[in-house]
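Trainee: Got a structure for you, written out below as structure tokens; questions coming shortly.
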Amino acid sequence: MSHGHSHGGGGCRCAAEREEPPEQRGLAYGLYLRIDLERLQCLNESREGSGRGVFKPWEERTDRSKFVESDADEELLFNIPFTGNVKLKGIIIMGEDNESHPSEMRLYKNIPQMSFDDTDREPDQTFSLNRDLTGELEYATKISRFSNVYHLSIHISKNFGADTTKVFYVGLRGEWTELRRHEVTICNYEASANPADHKVHQVTPQTHFIS
């Protein structure tokens, strides 16, 4: 099945069209395992902590017991910190079969603690969304812009006309690389008196990790 359209410079296609067989498809959307869930934020969620629940295994995407719904208006803002560097290739947004389904998604990279005030700036990529009730429609990112992402913000800016927005699943496809920490060894040289040798220097190594 071909959709034959593109959105905001990025195309969308069914996950079923991807080359992986079904048993491998879940692995392709495994970036949820690389999210620092303790630090993940969802602004304007009606129920605290519910935004974390939509980042789940691909096989569980149709579990409708876990969802996030907006509170004061139709907007949602996910702040997603990763545990390493990510090359983001595609996103799935699954919603309800009504006007609460998101209709526009704006992506921002590497802006930790982003707020709604920050959404006035130009996004790295914008997508017009179609209704996706099965979690099969993938929106392909511009990989050149999302090749070194340690923090992703997803701004759901509009829906199809409802007062609030509801999201059941957010799927992230891409590659993850472990953050490299630069190990710096700092040696403290301390002169100490020794009855046998009054000129002995003891070396005390101290290792510091610099992120």
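Lettering and numbering for the structure tokens are positional, with chains as A, B, ... in the shown order, residues counted from 1 in each chain, and ligands counted from 1 in the shown order.
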Fewer than 2 positions away in the same chain doesn't count, so skip those; otherwise give me all residues within 9 Å of range 174-176 of chain A, counting only C-alpha atoms, as a list in words.
Mentor: Ala28, Tyr29, Gly30, Leu31, Arg34, Phe82, Thr83, Gly84, Asn85, Val86, Lys87, Leu88, Lys89, Gly90, Ser147, Leu172 and Glu178 of chain A
Trainee: Enumerate as a count of residues only all residues of range 19-156 of chain A assigned to strand (DSSP E) by DSSP on the backbone, naming them with the chain letters and numbers the document uses.
Mentor: 49
Trainee: Separation of CA of Ser70 in chain A and CA of Glu45 in chain A, in Å?
Mentor: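 Taking CA of Ser70 in chain A as the start and CA of Glu45 in chain A as the end point, the length is 4.6 Å.
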Trainee: Pick from A:Leu129, A:Ile143, A:Ile80, A:Pro102: nearest to Phe160 in chain A, with only C-alpha atoms counted?
Mentor: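 Result for the nearest residue to Phe160 in chain A: A:Pro102.
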Trainee: One decimal, Å: what's the distance from CA of Arg39 in chain A over to CA of Phe116 in chain A, could you say?
Mentor: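 These two atoms are separated by 17.5 Å.
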Trainee: Work out how far apart CA of His101 in chain A and CA of Gln24 in chain A are and give it in Å to one decimal.
Mentor: 27.5 Å
